[in-house]
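Next up, work_36.tsv (TSV, C-alpha atoms and all ligand atoms):
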```tsv
chain	number	residue	atom	x	y	z
Q	1	MET	CA	119.86	79.70	144.63
Q	2	THR	CA	118.66	83.23	143.84
Q	3	ASN	CA	120.40	85.04	141.03
Q	4	HIS	CA	120.36	88.56	142.48
Q	5	ALA	CA	121.30	90.06	139.14
Q	6	THR	CA	117.95	89.01	137.61
Q	7	LEU	CA	115.64	89.88	140.52
Q	8	PHE	CA	114.02	92.71	138.54
Q	9	ASP	CA	114.46	91.21	135.08
Q	10	LEU	CA	111.26	91.19	132.99
Q	11	ARG	CA	112.75	89.95	129.72
Q	12	GLY	CA	110.45	87.43	128.01
Q	13	LYS	CA	107.41	88.75	129.87
Q	14	VAL	CA	104.35	90.38	128.28
Q	15	ALA	CA	102.63	93.17	130.20
Q	16	VAL	CA	99.29	94.88	129.65
Q	17	VAL	CA	98.81	98.33	131.20
Q	18	THR	CA	95.30	99.80	131.11
Q	19	GLY	CA	95.19	103.57	130.91
Q	20	GLY	CA	98.80	103.43	129.72
Q	21	GLY	CA	98.58	106.50	127.51
Q	22	ARG	CA	99.43	109.09	130.13
Q	23	GLY	CA	100.09	109.74	133.81
Q	24	ILE	CA	100.83	106.86	136.17
Q	25	GLY	CA	100.00	104.19	133.57
Q	26	ARG	CA	102.44	105.63	131.07
Q	27	ALA	CA	105.24	105.81	133.67
Q	28	ILE	CA	104.62	102.17	134.62
Q	29	ALA	CA	104.44	101.00	130.99
Q	30	GLN	CA	107.77	102.64	130.15
Q	31	ALA	CA	109.44	101.24	133.28
Q	32	LEU	CA	108.24	97.67	132.61
Q	33	ALA	CA	109.58	98.00	129.05
Q	34	ALA	CA	112.90	99.32	130.37
Q	35	HIS	CA	113.18	96.14	132.46
Q	36	GLY	CA	112.68	94.02	129.34
Q	37	ALA	CA	108.93	93.34	129.07
Q	38	ALA	CA	106.95	93.65	125.86
Q	39	VAL	CA	104.15	96.06	126.74
Q	40	ALA	CA	100.61	96.55	125.46
Q	41	VAL	CA	98.87	99.75	126.50
Q	42	CYS	CA	95.15	100.44	126.28
Q	43	GLY	CA	93.00	103.51	126.74
Q	44	ARG	CA	90.30	105.44	124.91
Q	45	THR	CA	92.60	107.86	123.04
Q	46	ALA	CA	94.60	106.44	120.13
Q	47	GLY	CA	96.98	109.42	119.92
Q	48	THR	CA	98.40	109.18	123.45
Q	49	LEU	CA	98.76	105.40	123.15
Q	50	ALA	CA	100.72	105.75	119.88
Q	51	ASP	CA	103.01	108.27	121.54
Q	52	VAL	CA	103.81	105.79	124.34
Q	53	THR	CA	104.41	102.84	122.01
Q	54	ASP	CA	106.67	105.01	119.81
Q	55	THR	CA	108.71	105.94	122.90
Q	56	ILE	CA	108.97	102.32	124.07
Q	57	THR	CA	109.94	101.11	120.61
Q	58	ILE	CA	112.68	103.72	120.40
Q	59	GLN	CA	113.91	102.40	123.79
Q	60	GLY	CA	114.31	99.01	122.08
Q	61	ALA	CA	111.37	97.07	123.53
Q	62	GLN	CA	108.24	95.72	121.84
Q	63	ALA	CA	105.01	97.66	122.27
Q	64	LEU	CA	101.39	97.48	121.16
Q	65	ALA	CA	98.65	100.13	121.38
Q	66	VAL	CA	95.03	98.98	121.62
Q	67	THR	CA	92.17	101.43	121.87
Q	68	ALA	CA	89.83	99.97	124.49
Q	69	ASP	CA	87.54	101.23	127.23
Q	70	VAL	CA	87.71	99.23	130.48
Q	71	ALA	CA	84.00	99.89	130.96
Q	72	SER	CA	83.20	97.74	127.91
Q	73	ASP	CA	83.11	93.92	128.09
Q	74	ASP	CA	83.44	93.64	124.30
Q	75	GLU	CA	86.42	95.99	124.09
Q	76	ILE	CA	88.28	94.19	126.88
Q	77	ARG	CA	87.67	90.83	125.19
Q	78	ARG	CA	89.04	92.33	121.97
Q	79	LEU	CA	92.03	93.69	123.91
Q	80	ARG	CA	92.79	90.19	125.20
Q	81	GLU	CA	92.55	88.66	121.72
Q	82	THR	CA	94.70	91.40	120.16
Q	83	VAL	CA	97.43	90.98	122.78
Q	84	LEU	CA	97.38	87.17	122.51
Q	85	ASP	CA	97.49	87.34	118.69
Q	86	ARG	CA	100.53	89.61	118.81
Q	87	PHE	CA	102.49	88.23	121.78
Q	88	GLY	CA	100.96	84.78	122.49
Q	89	GLN	CA	100.80	85.20	126.28
Q	90	ILE	CA	100.09	87.65	129.13
Q	91	ASP	CA	102.33	87.60	132.21
Q	92	ILE	CA	101.70	90.98	133.86
Q	93	LEU	CA	98.45	92.92	134.09
Q	94	VAL	CA	98.46	96.45	135.50
Q	95	ASN	CA	94.90	97.62	136.14
Q	96	ASN	CA	95.58	101.34	136.16
Q	97	ALA	CA	92.74	102.99	134.17
Q	98	GLY	CA	90.76	105.18	136.51
Q	99	ILE	CA	88.75	108.38	136.79
Q	100	ASP	CA	87.71	110.80	139.47
Q	101	PRO	CA	85.79	113.62	137.81
Q	102	HIS	CA	83.89	114.38	140.95
Q	103	TYR	CA	84.81	116.15	144.19
Q	104	ALA	CA	81.54	116.72	146.05
Q	105	SER	CA	79.81	115.68	149.21
Q	106	MET	CA	77.32	112.83	149.18
Q	107	GLU	CA	74.18	114.97	148.83
Q	108	HIS	CA	75.58	116.48	145.62
Q	109	THR	CA	76.62	113.14	144.11
Q	110	THR	CA	74.24	111.83	141.47
Q	111	ALA	CA	73.54	108.17	140.79
Q	112	ALA	CA	75.03	108.63	137.31
Q	113	GLU	CA	78.32	109.89	138.78
Q	114	TRP	CA	78.42	107.03	141.29
Q	115	HIS	CA	77.81	104.40	138.59
Q	116	GLN	CA	80.34	105.91	136.17
Q	117	ILE	CA	83.17	105.93	138.73
Q	118	LEU	CA	82.38	102.43	140.01
Q	119	ASP	CA	82.05	101.06	136.47
Q	120	VAL	CA	85.52	102.26	135.42
Q	121	ASN	CA	87.51	102.07	138.66
Q	122	LEU	CA	86.13	98.87	140.18
Q	123	SER	CA	84.18	96.94	137.55
Q	124	GLY	CA	86.94	97.78	135.05
Q	125	VAL	CA	89.42	95.96	137.28
Q	126	TYR	CA	87.03	93.01	137.60
Q	127	ARG	CA	86.53	92.90	133.80
Q	128	CYS	CA	90.26	92.98	133.05
Q	129	CYS	CA	91.08	90.35	135.70
Q	130	ARG	CA	88.35	88.09	134.34
Q	131	GLU	CA	89.40	88.42	130.69
Q	132	LEU	CA	93.15	89.15	130.74
Q	133	GLY	CA	94.05	87.64	134.10
Q	134	ALA	CA	92.22	84.45	133.20
Q	135	ALA	CA	94.50	84.14	130.15
Q	136	MET	CA	97.32	83.57	132.68
Q	137	LEU	CA	95.61	80.55	134.28
Q	138	PRO	CA	96.66	77.82	131.81
Q	139	ARG	CA	100.35	78.84	132.13
Q	140	ARG	CA	100.12	78.83	135.94
Q	141	GLN	CA	102.08	82.06	136.34
Q	142	GLY	CA	101.44	85.78	136.33
Q	143	ALA	CA	101.33	89.00	138.29
Q	144	ILE	CA	98.35	91.31	138.56
Q	145	ILE	CA	98.86	94.82	139.93
Q	146	ASN	CA	95.77	96.86	140.73
Q	147	ILE	CA	96.28	100.61	141.04
Q	148	SER	CA	94.55	101.73	144.20
Q	149	SER	CA	94.87	104.88	146.28
Q	150	ILE	CA	95.18	106.08	149.83
Q	151	ALA	CA	91.45	106.72	149.31
Q	152	GLY	CA	91.05	102.95	149.55
Q	153	HIS	CA	92.64	103.04	153.02
Q	154	ILE	CA	91.36	106.24	154.62
Q	155	GLY	CA	88.24	108.40	154.34
Q	156	LEU	CA	89.17	111.32	152.10
Q	157	LYS	CA	86.61	114.14	152.19
Q	158	ARG	CA	84.14	114.65	149.30
Q	159	GLN	CA	85.24	111.49	147.53
Q	160	VAL	CA	82.62	108.89	148.44
Q	161	PRO	CA	82.34	107.15	145.02
Q	162	TYR	CA	86.10	107.23	144.41
Q	163	ALA	CA	86.85	105.95	147.93
Q	164	ALA	CA	84.27	103.19	147.54
Q	165	SER	CA	85.76	102.19	144.19
Q	166	LYS	CA	89.31	102.02	145.57
Q	167	GLY	CA	88.19	100.27	148.76
Q	168	GLY	CA	86.58	97.72	146.44
Q	169	VAL	CA	89.84	97.37	144.51
Q	170	GLU	CA	91.67	96.69	147.78
Q	171	GLN	CA	89.30	93.86	148.71
Q	172	LEU	CA	89.12	92.49	145.17
Q	173	THR	CA	92.91	92.29	145.32
Q	174	ARG	CA	92.96	90.27	148.55
Q	175	ALA	CA	90.13	87.94	147.56
Q	176	LEU	CA	91.53	87.28	144.08
Q	177	ALA	CA	95.02	86.73	145.53
Q	178	HIS	CA	93.46	84.01	147.67
Q	179	ASP	CA	91.58	82.47	144.69
Q	180	TRP	CA	94.47	82.41	142.27
Q	181	ALA	CA	97.44	81.67	144.57
Q	182	GLU	CA	96.96	77.97	143.83
Q	183	HIS	CA	97.24	78.80	140.10
Q	184	GLY	CA	100.58	80.57	140.53
Q	185	ILE	CA	99.17	84.06	139.94
Q	186	ARG	CA	100.08	86.83	142.37
Q	187	VAL	CA	97.63	89.71	142.87
Q	188	ASN	CA	98.73	92.92	144.59
Q	189	ALA	CA	97.76	96.59	144.76
Q	190	ILE	CA	99.67	99.85	144.85
Q	191	ALA	CA	97.98	102.61	146.84
Q	192	TYR	CA	99.40	105.94	145.72
Q	193	GLY	CA	99.06	109.19	147.59
Q	194	PHE	CA	98.73	112.42	145.61
Q	195	VAL	CA	100.83	112.16	142.45
Q	196	GLN	CA	100.98	115.11	140.07
Q	197	THR	CA	99.06	114.07	136.93
Q	198	ASP	CA	96.09	115.35	134.91
Q	199	LEU	CA	93.83	113.65	137.48
Q	200	THR	CA	95.08	115.73	140.41
Q	201	ALA	CA	96.13	118.95	138.64
Q	202	GLY	CA	93.07	120.89	139.86
Q	203	VAL	CA	93.34	120.05	143.56
Q	204	VAL	CA	97.13	120.24	143.69
Q	205	ALA	CA	97.11	123.73	142.11
Q	206	HIS	CA	94.22	124.97	144.29
Q	207	PRO	CA	95.64	127.54	146.76
Q	208	HIS	CA	93.75	126.27	149.84
Q	209	ILE	CA	93.12	122.60	149.05
Q	210	GLY	CA	96.64	122.08	147.66
Q	211	ALA	CA	98.26	123.56	150.77
Q	212	LYS	CA	95.98	121.53	153.06
Q	213	LEU	CA	96.82	118.29	151.26
Q	214	LEU	CA	100.52	119.10	151.36
Q	215	SER	CA	100.37	119.63	155.11
Q	216	ARG	CA	99.26	115.97	155.48
Q	217	ILE	CA	102.32	114.55	153.71
Q	218	PRO	CA	105.29	113.93	156.04
Q	219	MET	CA	107.75	114.04	153.14
Q	220	GLY	CA	106.51	117.57	152.40
Q	221	ARG	CA	105.87	117.19	148.69
Q	222	PHE	CA	103.41	115.66	146.22
Q	223	GLY	CA	104.52	112.59	144.34
Q	224	ASN	CA	105.81	112.90	140.81
Q	225	LEU	CA	106.01	110.38	137.97
Q	226	ASP	CA	109.54	109.33	138.97
Q	227	ASP	CA	108.10	108.13	142.30
Q	228	VAL	CA	105.59	105.86	140.59
Q	229	PRO	CA	107.08	102.92	138.70
Q	230	GLY	CA	109.49	101.33	141.23
Q	231	ALA	CA	106.68	99.67	143.18
Q	232	ALA	CA	105.14	98.30	139.98
Q	233	VAL	CA	108.44	96.89	138.69
Q	234	PHE	CA	109.00	95.24	142.08
Q	235	LEU	CA	105.53	93.64	142.24
Q	236	ALA	CA	105.80	92.44	138.62
Q	237	SER	CA	109.25	90.94	139.08
Q	238	PRO	CA	110.82	87.78	140.53
Q	239	ALA	CA	111.83	89.95	143.52
Q	240	ALA	CA	108.19	89.76	144.67
Q	241	ALA	CA	107.81	86.00	144.09
Q	242	TYR	CA	106.40	85.43	147.61
Q	243	VAL	CA	104.28	88.62	147.77
Q	244	THR	CA	100.55	88.35	147.10
Q	245	GLY	CA	97.39	89.98	148.49
Q	246	HIS	CA	99.40	93.04	149.53
Q	247	SER	CA	98.65	96.74	149.09
Q	248	LEU	CA	101.86	98.74	148.86
Q	249	LEU	CA	101.41	102.35	150.02
Q	250	VAL	CA	103.43	104.86	147.99
Q	251	ASP	CA	102.23	108.05	149.64
Q	252	GLY	CA	105.14	110.05	151.10
Q	253	GLY	CA	104.14	108.78	154.54
Q	254	TRP	CA	100.56	110.18	154.58
Q	255	THR	CA	98.92	107.05	156.01
Q	256	ALA	CA	101.70	106.50	158.55
Q	257	THR	CA	100.54	109.55	160.49
Q	301	LIG	P1	95.25	110.36	134.48
Q	301	LIG	O1	96.49	111.14	134.27
Q	301	LIG	O2	93.93	111.03	134.39
Q	301	LIG	O3	95.29	109.11	133.49
Q	301	LIG	C1	94.23	108.21	133.49
Q	301	LIG	C2	94.49	107.17	132.43
Q	301	LIG	O4	93.41	106.23	132.42
Q	301	LIG	C3	94.58	107.77	131.05
Q	301	LIG	O5	95.56	107.09	130.31
Q	301	LIG	C4	93.19	107.51	130.50
Q	301	LIG	O6	93.26	107.44	129.07
Q	301	LIG	C5	92.85	106.16	131.12
Q	301	LIG	N1	91.43	105.90	131.22
Q	301	LIG	C6	90.49	106.64	131.87
Q	301	LIG	N2	89.29	106.07	131.74
Q	301	LIG	C7	89.48	104.95	130.99
Q	301	LIG	C8	88.62	103.95	130.51
Q	301	LIG	N3	87.29	103.98	130.76
Q	301	LIG	N4	89.13	102.93	129.79
Q	301	LIG	C9	90.46	102.89	129.53
Q	301	LIG	N5	91.32	103.82	129.94
Q	301	LIG	C10	90.83	104.84	130.67
Q	301	LIG	O7	95.25	109.67	135.91
Q	301	LIG	P2	96.44	109.13	136.82
Q	301	LIG	O8	96.65	110.11	137.89
Q	301	LIG	O9	97.57	108.69	135.99
Q	301	LIG	O10	95.72	107.89	137.50
Q	301	LIG	C11	95.95	106.55	137.08
Q	301	LIG	C12	95.42	105.62	138.15
Q	301	LIG	O11	96.08	105.90	139.39
Q	301	LIG	C13	93.93	105.75	138.43
Q	301	LIG	O12	93.39	104.49	138.71
Q	301	LIG	C14	93.89	106.62	139.68
Q	301	LIG	O13	92.72	106.42	140.42
Q	301	LIG	C15	95.11	106.10	140.39
Q	301	LIG	N6	95.65	107.03	141.39
Q	301	LIG	C16	96.10	108.25	141.02
Q	301	LIG	C17	96.61	109.10	142.00
Q	301	LIG	C18	97.16	110.45	141.69
Q	301	LIG	O14	97.44	111.19	142.65
Q	301	LIG	N7	97.34	110.84	140.43
Q	301	LIG	C19	96.64	108.68	143.34
Q	301	LIG	C20	96.16	107.43	143.67
Q	301	LIG	C21	95.67	106.59	142.68
Q	301	LIG	P3	92.04	107.91	128.13
Q	301	LIG	O15	91.45	109.13	128.73
Q	301	LIG	O16	92.70	108.11	126.82
Q	301	LIG	O17	91.11	106.73	128.14
```
Represent the structure contained in this file as structure tokens.
Ligand code: NAP
Amino acid sequence: MTNHATLFDLRGKVAVVTGGGRGIGRAIAQALAAHGAAVAVCGRTAGTLADVTDTITIQGAQALAVTADVASDDEIRRLRETVLDRFGQIDILVNNAGIDPHYASMEHTTAAEWHQILDVNLSGVYRCCRELGAAMLPRRQGAIINISSIAGHIGLKRQVPYAASKGGVEQLTRALAHDWAEHGIRVNAIAYGFVQTDLTAGVVAHPHIGAKLLSRIPMGRFGNLDDVPGAAVFLASPAAAYVTGHSLLVDGGWTAT
């Protein structure tokens, strides 16, 4: 019999959030901690990570900051060992770290830009699933949440590498959900629309592009960081016990039109 009071309870769980130092990752890390999880955050900047772990600790939850680049096999292996040394287990993995330094059409996209975006946004998810997700296998339970984008669902203009990376994340999510369902590990994605963070500050503030983007959103506004964590808490929690291989669109209705 379901205990409805504990549907979103994450006490006793250990979460790892990549790119947890700011933006969407930070909002998710703090929300998972507020629901009771111990949370490890990684990223390339020690200062922002320390700020998040200080905040979570003040909230009364356990937190760990690990400087690690998702583009590095060695650093992700070290992340796994550091988290397991401190907490002994990994239950929730949020693959959030991502970049999009490049808005340009295909003919102005260099091979270096293509490889950089794919290496962080797609191969980074692969790396973290292989190293951190695999640590869930012996315990036969876990939830992986891959942060995707509407760019993984529709063809946004001048974003070929980013769209390809997020399309890859969508398919990685479905295929891995299939592989690991028999091991008790759920794998889902969240596809956000335009959320106001450092990543989108330039386009959102642009007088023409910002207005054009806004006109595509039925809810008539960009997302903010309060709109972000509910989907992640749901997918991490017992409330989503029968949900796997899904991509949850959190986009103000953009892709419904
Ligand atoms: P953001 O504010 O730029 O934050 C990105 C985070 O990722 C930072 O914490 C950054 O920390 C970390 N990061 C970047 N490269 C990394 C690397 N190689 N290794 C480890 N950490 C790395 O971006 P955001 O808007 O929060 O985006 C977070 C995720 O949501 C991304 O995957 C993005 O594609 C996705 N998303 C965002 C939106 C949006 O509208 N904002 C929409 C759809 C999807 P360091 O720089 O310190 O490493």
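Here atom CA of Q:Lys166 and atom CA of Q:Gly210 stand 21.5 Å from one another.
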Would you name the residues within 7 Å of ligand LIG 301 (chain Q), counting all atoms listed in the file, and put them as a ChimeraX atom specification?
/Q:18-25,42-45,48,68-71,96-100,120-121,147-150,191-200
Could you give me, as an NGL selection string, the residues that sit within 6 Å of (100.4, 89.8, 128.1) in the file's coordinates, counting all atoms listed in the file?
:Q and (14-16 or 89-91)
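Across Q:Ala104, Q:Ile185, Q:Ile76, Q:Val94, the tightest approach to Q:Asn146 is made by Q:Val94 when counting all atoms listed in the file.
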Residue among Q:Ala143, Q:Leu7, Q:Ala134, Q:Val125 lying closest to Q:Gln171, counting all atoms listed in the file
Q:Val125
If I put a ball of radius 12 Å at (105.1, 103.7, 129.1) in the file's coordinates, which residues poke into it when counting all atoms listed in the file, written as a PyMOL selection string?
chain Q and resi 15-35+37-42+48-59+61-65+94+225+228-229
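Here atom CA of Q:Ile154 is placed at a distance of 19.4 Å from atom CA of Q:Thr109.
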Residue with smallest distance to Q:Glu170 - pool Q:Leu122, Q:Ile117, Q:Ala205, Q:Val243, counting only C-alpha atoms
Q:Leu122
Report as a VMD selection string all protein, DNA and RNA residues lying within 9 Å of Q:Leu176, evaluated on only C-alpha atoms, omitting residues in the same chain fewer than 2 positions from it.
chain Q and resid 129 171 to 174 178 to 181 186 to 187 245
